[in-house]
Each structure stands twice: as C-alpha cells, then as structure tokens.
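In what follows, a structure is listed as structure tokens, so that the remarks can point back to it.
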Amino acid sequence: MTLLANFTRLLAVALIAGCVSGCSQPKATKADNPNIIFILVDDLGKEWVSAYGAEDIETPHVDQLAATGMQFSNAYVMPQCTPTRLSFLTGQYPYRHGWVNHWDVPRWGGGAHYDWNRNPCISMVMKDAGYKTAIAGKWQVTDFRVQPDAMTEIGFDDYCMWTGGEGNNPPSDERFWDPYIHTKDGSKTWKGAYGETVFTDFLIDFMKKNKDDPMFLYYPMVLTHTPFVTTPDDLEATTDLEKHKAMVRYTDKVLGKFVQALDELEIRDNTVIVWTTDNGTTGAITGHQNGRSVKGAKASTTEPGLCVPFIVNGPGLVPEGIKTDALIDVTDLLPTFAELGGGKLQDGYTYDGKSFSDLILGKSNDSQKSWILGMGGMNEAKLTDQGVENAYAFRDRVIREKRFKLYVNSNKQPEKLVDVLADPDEKNNLIDSQAPDAKTALARMSALIPGFPSRDNDPIYTPLPAQPWDVEITVKSEVWKQ
C-alpha cells in the first residue's frame with residue numbers, strides 16, 4: 001500500500017470514529033416524530049357534525065379537517081366520560097383498568113384516583129419518547145387539592161386544567177364562564193374569562209414556545225357538556241337548543257384557531273391532529289342526520305352513544321380525502337401515538353389497543369382489528385371500605401364488526417344481534433335469524449365472549465389519605481346512581 005493510500009485510509013477511519021463519538025446524529029424526519037395534537041370533545045355525537053351528515057348545524061373547520069384528511073365511520077369510545085378517558089390513557093378496556101363507570105374523583109373521591117403508578121399512561125410514554133407534553137381542559141380523575149402536582153408527575157411539562165367539581169367547593173363547578181382552573185400556580189377562579197378560550201390560548205402559547213421540538217398536546221375540551229351556556233360568540237342564545245348549537249359552533253371555532261396557529265408557526269406539515277369525542281350527545285338534545293332524527297345517546301351502547309366522529313389530519317403525512325370503515329376504538333390511540341412518535345409501551349401491562357399508524361400514514365388500507373368493543377351505561381358504582389366498586393361482576397357490552405353488532409348481557413349471554421348497516425336505528429334483533437350471514441356473525445362474535453375475564457376489575461389504585469370532605473362525598477356517590 002502506498003504512503004498516500006495508507007494515509008487516506010487512516011484519515012477515513014479517524015473521521016468515522018470521530019463522528020461516532022462526537023458528531024450529532026441526523027435529525028429525524030417529520031414522519032419519525034410528528035407533533036401530535038389530540039382533541040377530545042365532550043358529549044358530541046355524529047348528528048352534530050356536518051361532515052357526518054348533520055342537518056341542524058354547520059361545522060366548517062371540522063369538515064375541512066375531514067376533507068383534507070381521513071374520516072372514520074367505525075370509531076368506538078365508551079358511552080361515558082371516565083371509561084373513555086381511562087381507556088385512552090391506558091390503552092386498555094374498562095374491564096381491565098377497572099373504571100367501568102363514570103366517577104368524579106374530586107367530587108366523590110374518598111381516596112379514589114387514577115393511579116399512574118399502577119396503570120399505563122400515555123403521557124409518560126410520549127414524554128419518554130422525547131416529546132414536549134402539555135394538557136389543558138377536563139381531567140376529573142384526580143383531586144388537585146390532594147395531588148396538586150399530579151399532572152407534572154404523570155408526564156406533562158405544563159398544564160391548565162378545570163379541576164372538576166370539588167366536594168365542598170362550589171366555585172369549582174364552573175368550567176365555562178368564570179372557570180375554576182388549576183395550573184402550576186394553584187387553583188383559582190378566572191373572573192370574566194371563558195374556560196375554552198383560556199385552554200385554547202394556553203395550548204397555542206405552549207406550541208409557540210416549543211415549536212422546534214416534537215410536541216404531544218392532549219386537549220380534553222369542556223365543551224359541549226352541559227350545563228347549556230352561552231359562548232363569547234353567541235351571548236344572546238336563550239334556549240337549551242340555541243345554547244347547544246352555540247357551544248358546537250365554538251367547538252368548531254377552537255379547531256380553526258389551532259389550525260391557523262399551526263400554519264402561522266409553520267409546523268402544520270409536521271403535525272398530526274386527531275379530533276374526536278368522548279361519547280354521544282346528551283339525551284336532552286335531538287339532532288337530524290342524513291334524513292333521520294337522532295336523540296342524544298350518551299350513556300347508551302347504541303351507535304349514537306359510542307360510535308363517534310373521528311378524524312385524523314396531517315398534510316404530507318395522512319392521505320387526504322379518505323373515508324374509511326376501518327374498525328378502531330379508543331384503546332388503540334396509546335399504541336398508535338407511541339408508534340408515530342417512536343415511543344415504547346411501558347412494560348408489565350396488558351394492552352387491548354392495536355396501533356393503526358400504518359393506516360393513517362397510508363401504508364395500509366385497514367386497521368389490525370376485526371372487532372371493537374364498547375361497554376357500560378348508566379353509572380352504577382359506589383364507594384365502599386374496599387374503594388370504588390362496580391355494581392356488576394361482568395358489565396354488559398357490545399362487540400362490533402363492520403356490519404354486525406352483538407349485545408352481550410351481564411350474564412355473559414348474547415342478547416341482541418343487529419345489522420347496523422341495514423338497520424341504523426337497531427330495531428331488528430337478528431339473534432334468532434336463520435339468514436346465513438347473521439347466523440355466521442352470531443357464532444363468530446359469540447365465540448369471543450369466553451375470552452373476556454370472568455370478572456371485571458374494579459378501579460386499580462392505592463387509596464389516598466382520607467380528607468375532611470370525604471363523608472359528604474360518599475353520600476353523594478350513593479345518591480348519584482339512583
């Protein structure tokens with residue numbers, strides 16, 4: 001080997017070694033670690049989103065998100081608030097994480113809480129993946145008087161939360177006008193403010209401060225839950241229906257503000273927005289959708305109660321103008337977000353969710369699930385010496401395929417079979433049908449029932465110390481189920 005060749009070889013080796021030890025690694029592409037914004041609207045069914053055929057309202061920003069992204073027709077949540085939110089946080093079904101029923105921790109607490117030391121947690125997964133994390137809006141599974149730093153401990157860099165109605169603290173009931181909000185500075189009433197505006201501005205400000213880093217934003221909105229109230233844009237609304245419509249319009253406006261902020265920050269093409277709701281509309285409101293009258297079905301396992309609007313959008317990442325009948329449910333979000341962000345699921349837990357990141361990135365035409373699950377109904381839980389306990393050992397549930405849906409009762413028996421495509425109002429029970437498709441579907445879904453645990457878990461947590469307001473809270477929790 002010539003002297004020049006030998007020198008060249010040694011120089012190349014030195015340069016490679018130097019880069020291994022000291023050179024920075026290439027920056028990840030936008031597909032490796034996109035910003036993720038998860039917007040979870042409170043109590044809103046498809047019949048109030050014009051992209052899904054709503055006839056009594058216009059939701060232009062949501063419609064635009066759907067038109068330029070991916071719109072799902074078969075996305076399931078649970079029919080109540082707490083079960084949906086805990087299923088999102090953990091990637092597990094309620095029978096596994098135990099929060100089968102709605103439970104206002106700050107109002108009824110008694111030492112109950114979402115215990116991130118004993119359950120999976122999406123925010124920890126994203127934080128460990130290198131994301132800047134923030135949350136604003138409704139939490140309601142922690143009493144901030146008892147755990148004031150819970151949001152930081154759970155993996156959020158910053159937070160701005162409605163506390164939920166706290167026992168013996170009437171100002172905390174307010175989430176809209178003069179909201180009672182918990183931040184790193186503590187809890188207080190924000191006089192003259194409108195809650196949803198406070199939360200939106202907080203998250204947009206967080207984006208401005210952290211736009212050069214991958215961000216995970218969780219926005220569980222307080223709209224459109226009752227009580228029916230006016231909004232800053234509709235101060236003259238008087239009836240419940242007028243106020244509901246105003247709240248839906250403001251919900252749509254909030255989305256528009258986020259999209260505009262992303263454009264102005266020039267990070268829109270590196271951001272995936274997931275927009276959905278936690279369950280169907282309150283039963284006090286009826287809407288019209290695709291020529292049908294649809295009564296709000298919150299707390300019901302009928303389709304309007306748990307088959308919710310679900311839209312994913314990300315220019316350059318998510319294919320545009322796609323309508324999919326792929327089956328997904330709320331448990332799938334944790335593994336999906338983890339895969340999108342290069343995160344790792346926490347060890348030691350069983351997860352029910354399956355990532356659908358390949359679907360939303362255009363690498364697949366379907367999800368990994370052949371069936372999805374919804375379970376629960378009216379609240380039936382109580383606080384005992386053993387903690388929060390569910391009323392049923394095995395809570396009723398529904399199993400849903402793309403065409404057929406099976407109702408399973410609390411005795412673990414098939415009770416009703418519905419063809420949701422041919423019978424959207426679910427009036428015809430096909431459980432005794434001799435039609436080959438129905439018989440095959442019944443056999444197929446009935447075979448899944450023995451795979452469920454024989455007994456649902458109760459909420460899994462280490463009880464917190466007793467508080468002065470616990471006696472009254474216990475009484476309220478017993479009355480609430482009546």
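By convention here, the chains of the structure tokens are called A, B, ... in the order presented, each chain's residues are numbered starting at 1, and ligands are numbered starting at 1 in the order presented.
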Kindly provide the residues of segment 364-426 of chain A that approach segment 262-281 of chain A to within 12 Å, each paired with its closest atom pair and their distance in Å to one decimal, based on only C-alpha atoms, listed by chain and increasing number, as JSON lines.
{"residue": "A:Gly374", "atom": "CA", "partner": "A:Asn279", "partner_atom": "CA", "distance": 10.5}
{"residue": "A:Met375", "atom": "CA", "partner": "A:Asn279", "partner_atom": "CA", "distance": 11.6}
{"residue": "A:Gly376", "atom": "CA", "partner": "A:Asn279", "partner_atom": "CA", "distance": 11.6}
{"residue": "A:Gly377", "atom": "CA", "partner": "A:Asn279", "partner_atom": "CA", "distance": 11.0}
Residues near segment 102-115 of chain A, cut-off 9 Å, only C-alpha atoms, skip fewer than 6 positions along chain, as a CSV table (one decimal) with C-alpha atoms, in the first residue's frame:
chain,number,residue,atom,x,y,z
A,80,GLN,CA,-69.5,7.6,29.4
A,81,CYS,CA,-66.8,10.1,30.2
A,82,THR,CA,-64.5,8.3,32.7
A,83,PRO,CA,-64.4,4.9,31.0
A,86,LEU,CA,-59.1,6.0,31.2
A,140,GLN,CA,-61.6,14.9,36.5
A,141,VAL,CA,-59.8,11.7,37.7
A,142,THR,CA,-57.5,13.5,40.2
A,143,ASP,CA,-58.4,15.8,43.1
A,144,PHE,CA,-55.8,18.6,42.8
A,145,ARG,CA,-56.4,19.5,46.4
A,163,THR,CA,-60.4,21.0,38.4
A,164,GLY,CA,-63.8,19.3,38.1
A,165,GLY,CA,-66.4,19.9,40.6
A,166,GLU,CA,-64.7,19.6,44.0
A,167,GLY,CA,-66.7,18.5,47.1
A,168,ASN,CA,-67.4,21.4,49.4
A,378,MET,CA,-75.7,4.5,33.4
A,379,ASN,CA,-73.4,4.9,36.4
A,380,GLU,CA,-73.5,2.0,38.8
A,381,ALA,CA,-70.6,2.1,41.2
A,383,LEU,CA,-67.6,3.8,47.4
A,387,GLY,CA,-62.7,1.6,47.5
A,388,VAL,CA,-64.7,2.2,44.3
A,459,PRO,CA,-60.5,0.7,39.6
A,460,ILE,CA,-56.9,-0.1,40.3
A,461,TYR,CA,-55.3,2.4,42.7
A,462,THR,CA,-53.6,2.8,46.1
A,463,PRO,CA,-56.1,4.8,48.2
A,464,LEU,CA,-55.1,8.3,49.2
A,465,PRO,CA,-55.4,9.6,52.8
A,466,ALA,CA,-58.9,10.5,54.0
A,467,GLN,CA,-60.0,14.1,53.5
A,469,TRP,CA,-64.9,16.3,52.7
A,470,ASP,CA,-65.0,12.5,52.2
A,471,VAL,CA,-68.1,11.9,54.3
A,472,GLU,CA,-70.3,14.1,52.2
A,473,ILE,CA,-68.7,12.8,49.0
A,474,THR,CA,-69.6,9.2,49.9
A,475,VAL,CA,-73.2,10.2,50.4
A,476,LYS,CA,-73.3,11.9,47.1
A,477,SER,CA,-71.9,9.0,45.2
Which residues of segment 20-92 of chain A sit at most 6 Å from segment 286-293 of chain A, using only C-alpha atoms? Give each one's shortest atom pair and distance in Å (one decimal place), in chain and ascending residue order, as JSON lines.
{"residue": "A:Glu47", "atom": "CA", "partner": "A:Gln289", "partner_atom": "CA", "distance": 5.1}
{"residue": "A:Gly53", "atom": "CA", "partner": "A:Asn290", "partner_atom": "CA", "distance": 5.1}
{"residue": "A:Ala54", "atom": "CA", "partner": "A:Gln289", "partner_atom": "CA", "distance": 4.4}
{"residue": "A:Glu55", "atom": "CA", "partner": "A:His288", "partner_atom": "CA", "distance": 5.4}
Could you write those residues out with C-alpha atoms, as an mmCIF file, in the first residue's frame?
data_model
loop_
_atom_site.group_PDB
_atom_site.id
_atom_site.type_symbol
_atom_site.label_atom_id
_atom_site.label_comp_id
_atom_site.auth_asym_id
_atom_site.auth_seq_id
_atom_site.Cartn_x
_atom_site.Cartn_y
_atom_site.Cartn_z
ATOM 1 C CA GLU A 47 -75.510 14.038 14.405
ATOM 2 C CA GLY A 53 -74.463 14.463 7.649
ATOM 3 C CA ALA A 54 -75.697 16.677 10.482
ATOM 4 C CA GLU A 55 -78.564 18.836 9.243
#
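Using only C-alpha atoms, the smallest distance between any of A:Arg444, A:Arg455, A:Lys208, A:Lys363 and Ala393 of chain A comes from A:Arg455.
Atom CA of His182 of chain A is positioned 26.2 Å from atom CA of Ala129 of chain A.
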message: Could you list, as an MDAnalysis selection string, every residue within 9 Å of segment 424-440 of chain A, counting only C-alpha atoms and ignoring same-chain residues fewer than 3 positions away?
response: chainID A and resid 294 302:303 404 406 414:421 443:445
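Candidate residues A:Asn101, A:Leu44, A:Leu241, A:Arg403 were compared for distance to Ala422 of chain A, and the nearest is A:Arg403, using only C-alpha atoms.
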field: Residue nearest Ala134 of chain A among A:Leu203, A:Ile322, A:Ala75, A:Met247 (counting only C-alpha atoms)
entry: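 Checking each candidate against Ala134 of chain A, we get A:Leu203 as the closest.
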Assign secondary structure with DSSP using the backbone only, and return the residues of segment 269-458 of chain A in alpha helix (DSSP H) as a CSV table (one decimal) with N, CA and C atoms, in the first residue's frame.
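Contents of the output file selection.csv:
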chain,number,residue,atom,x,y,z
A,303,GLU,N,-75.5,2.9,18.8
A,303,GLU,CA,-74.4,3.5,17.9
A,303,GLU,C,-74.3,5.0,18.2
A,304,PRO,N,-75.3,5.8,18.4
A,304,PRO,CA,-75.1,7.2,18.6
A,304,PRO,C,-74.4,7.5,20.0
A,305,GLY,N,-74.4,6.5,20.9
A,305,GLY,CA,-73.8,6.7,22.2
A,305,GLY,C,-72.3,6.5,22.1
A,306,LEU,N,-71.8,5.6,21.2
A,306,LEU,CA,-70.4,5.3,21.3
A,306,LEU,C,-69.7,5.2,19.9
A,333,LEU,N,-55.5,4.3,20.6
A,333,LEU,CA,-54.7,5.6,20.5
A,333,LEU,C,-53.4,5.5,21.2
A,334,LEU,N,-53.3,4.9,22.3
A,334,LEU,CA,-52.0,4.9,23.0
A,334,LEU,C,-50.9,4.2,22.1
A,335,PRO,N,-51.1,2.9,21.6
A,335,PRO,CA,-50.1,2.3,20.8
A,335,PRO,C,-49.9,3.1,19.5
A,336,THR,N,-51.0,3.7,19.0
A,336,THR,CA,-50.8,4.5,17.7
A,336,THR,C,-49.9,5.7,17.9
A,337,PHE,N,-50.2,6.5,19.0
A,337,PHE,CA,-49.3,7.6,19.2
A,337,PHE,C,-47.9,7.2,19.6
A,338,ALA,N,-47.8,6.1,20.3
A,338,ALA,CA,-46.4,5.7,20.6
A,338,ALA,C,-45.7,5.3,19.4
A,339,GLU,N,-46.3,4.6,18.4
A,339,GLU,CA,-45.6,4.2,17.2
A,339,GLU,C,-45.3,5.4,16.3
A,340,LEU,N,-46.2,6.4,16.3
A,340,LEU,CA,-46.0,7.6,15.5
A,340,LEU,C,-44.8,8.4,16.0
A,357,SER,N,-51.3,3.2,13.1
A,357,SER,CA,-50.5,4.2,12.5
A,357,SER,C,-50.2,3.9,11.0
A,358,ASP,N,-50.1,2.7,10.6
A,358,ASP,CA,-49.9,2.4,9.2
A,358,ASP,C,-51.1,2.8,8.4
A,359,LEU,N,-52.3,2.7,8.9
A,359,LEU,CA,-53.5,3.1,8.2
A,359,LEU,C,-53.5,4.6,8.0
A,360,ILE,N,-53.2,5.4,9.0
A,360,ILE,CA,-53.3,6.8,8.9
A,360,ILE,C,-52.1,7.4,8.1
A,436,PRO,N,-78.0,-16.8,6.6
A,436,PRO,CA,-76.7,-17.3,6.8
A,436,PRO,C,-75.7,-16.3,7.3
A,437,ASP,N,-75.7,-15.1,6.8
A,437,ASP,CA,-74.8,-14.0,7.3
A,437,ASP,C,-75.0,-13.7,8.8
A,438,ALA,N,-76.2,-13.6,9.2
A,438,ALA,CA,-76.5,-13.3,10.6
A,438,ALA,C,-76.1,-14.5,11.5
A,439,LYS,N,-76.4,-15.7,11.1
A,439,LYS,CA,-76.0,-16.9,11.9
A,439,LYS,C,-74.5,-17.0,12.0
A,440,THR,N,-73.8,-16.8,10.9
A,440,THR,CA,-72.3,-16.8,11.0
A,440,THR,C,-71.7,-15.8,11.9
A,441,ALA,N,-72.3,-14.5,11.8
A,441,ALA,CA,-71.8,-13.4,12.6
A,441,ALA,C,-72.1,-13.7,14.1
A,442,LEU,N,-73.2,-14.3,14.4
A,442,LEU,CA,-73.6,-14.6,15.8
A,442,LEU,C,-72.6,-15.6,16.3
A,443,ALA,N,-72.3,-16.6,15.6
A,443,ALA,CA,-71.4,-17.6,16.0
A,443,ALA,C,-70.0,-17.1,16.2
A,444,ARG,N,-69.6,-16.2,15.3
A,444,ARG,CA,-68.2,-15.7,15.3
A,444,ARG,C,-68.0,-14.8,16.5
A,445,MET,N,-69.0,-13.9,16.8
A,445,MET,CA,-68.8,-12.9,17.9
A,445,MET,C,-69.1,-13.6,19.2
A,446,SER,N,-70.0,-14.6,19.3
A,446,SER,CA,-70.3,-15.3,20.5
A,446,SER,C,-69.0,-16.0,21.0
Expected answer as a PDB file with C-alpha atoms, in the first residue's frame: strand (DSSP E) residues in segment 269-341 of chain A:
ATOM      1  CA  THR A 271     -48.362  17.800  12.841  1.00  0.00           C
ATOM      2  CA  VAL A 272     -50.981  15.075  13.124  1.00  0.00           C
ATOM      3  CA  ILE A 273     -54.317  16.245  14.521  1.00  0.00           C
ATOM      4  CA  VAL A 274     -56.745  13.671  15.883  1.00  0.00           C
ATOM      5  CA  TRP A 275     -60.216  15.110  16.521  1.00  0.00           C
ATOM      6  CA  THR A 276     -62.921  13.036  18.184  1.00  0.00           C
ATOM      7  CA  THR A 277     -65.385  12.984  21.105  1.00  0.00           C
ATOM      8  CA  THR A 286     -82.103  15.675  19.437  1.00  0.00           C
ATOM      9  CA  GLY A 287     -80.471  16.325  16.085  1.00  0.00           C
ATOM     10  CA  HIS A 288     -81.105  15.344  12.485  1.00  0.00           C
ATOM     11  CA  GLN A 289     -78.589  13.388  10.449  1.00  0.00           C
ATOM     12  CA  ARG A 292     -83.031  10.650  10.415  1.00  0.00           C
ATOM     13  CA  SER A 293     -83.962  12.092  13.793  1.00  0.00           C
ATOM     14  CA  VAL A 294     -81.234  11.143  16.292  1.00  0.00           C
ATOM     15  CA  LYS A 295     -81.775  11.587  20.014  1.00  0.00           C
ATOM     16  CA  PHE A 310     -63.237  10.582  14.395  1.00  0.00           C
ATOM     17  CA  ILE A 311     -60.927  12.490  12.043  1.00  0.00           C
ATOM     18  CA  VAL A 312     -57.167  12.331  11.520  1.00  0.00           C
ATOM     19  CA  ASN A 313     -55.351  15.029   9.567  1.00  0.00           C
ATOM     20  CA  ILE A 322     -60.147   9.377   2.643  1.00  0.00           C
ATOM     21  CA  LYS A 323     -63.290   7.901   4.188  1.00  0.00           C
ATOM     22  CA  THR A 324     -62.594   4.603   5.878  1.00  0.00           C
ATOM     23  CA  ASP A 325     -64.739   1.946   7.511  1.00  0.00           C
ATOM     24  CA  ALA A 326     -61.743   0.535   9.377  1.00  0.00           C
ATOM     25  CA  LEU A 327     -62.560  -0.593  12.906  1.00  0.00           C
ATOM     26  CA  ILE A 328     -60.774   1.319  15.660  1.00  0.00           C
ATOM     27  CA  ASP A 329     -61.564   2.197  19.250  1.00  0.00           C
TER      28      ASP A 329
END
field: Spatial neighbours of Phe394 of chain A, 10 Å, only C-alpha atoms, chain gap at least 5 places, as a PyMOL selection string
entry: chain A and resi 95+100+376+408-412+452-457
Atom pair atom CA of Ile285 of chain A / atom CA of Lys298 of chain A: separation (Å):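 A separation of 10.3 Å between them.
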- prompt: Smallest atom-to-atom distance to Asp396 of chain A: which of A:Gly155, A:Ser87, A:Phe199, A:Gln413, using only C-alpha atoms?
  reply: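 Among the listed residues, A:Gln413 lies closest to Asp396 of chain A.
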field: Among listed residues A:Lys354, A:Gly341, A:Thr200, A:Arg85, nearest Gly256 of chain A (using only C-alpha atoms)
entry: A:Thr200
task: Quote the spacing between atom CA of Gln368 of chain A and atom CA of Cys121 of chain A in Å to one decimal place.
output: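 Atom CA of Cys121 of chain A lies at a distance of 21.8 Å from atom CA of Gln368 of chain A.
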Set the distance at 10 Å and use only C-alpha atoms: which residues neighbour Thr152 of chain A once local chain neighbours fewer than 5 positions away are removed? I'd like the list as a PDB file with C-alpha atoms, in the first residue's frame.
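Okay, this is what ended up in result.pdb:
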ATOM      1  CA  SER A 123     -48.271  10.957  28.659  1.00  0.00           C
ATOM      2  CA  THR A 133     -46.034  17.487  26.573  1.00  0.00           C
ATOM      3  CA  ALA A 134     -48.966  19.677  27.590  1.00  0.00           C
ATOM      4  CA  ASP A 157     -44.466  19.575  31.098  1.00  0.00           C
ATOM      5  CA  ASP A 158     -47.250  22.099  31.557  1.00  0.00           C
ATOM      6  CA  TYR A 159     -50.978  22.085  32.199  1.00  0.00           C
ATOM      7  CA  LYS A 184     -48.675  25.319  38.367  1.00  0.00           C
TER       8      LYS A 184
END
field: Using only C-alpha atoms: which of A:Gly316, A:Pro170, A:Pro220, A:Gly321 has the shortest distance to Phe72 of chain A
entry: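 Between A:Gly316, A:Pro170, A:Pro220, A:Gly321, the residue approaching Phe72 of chain A most closely is A:Gly321.
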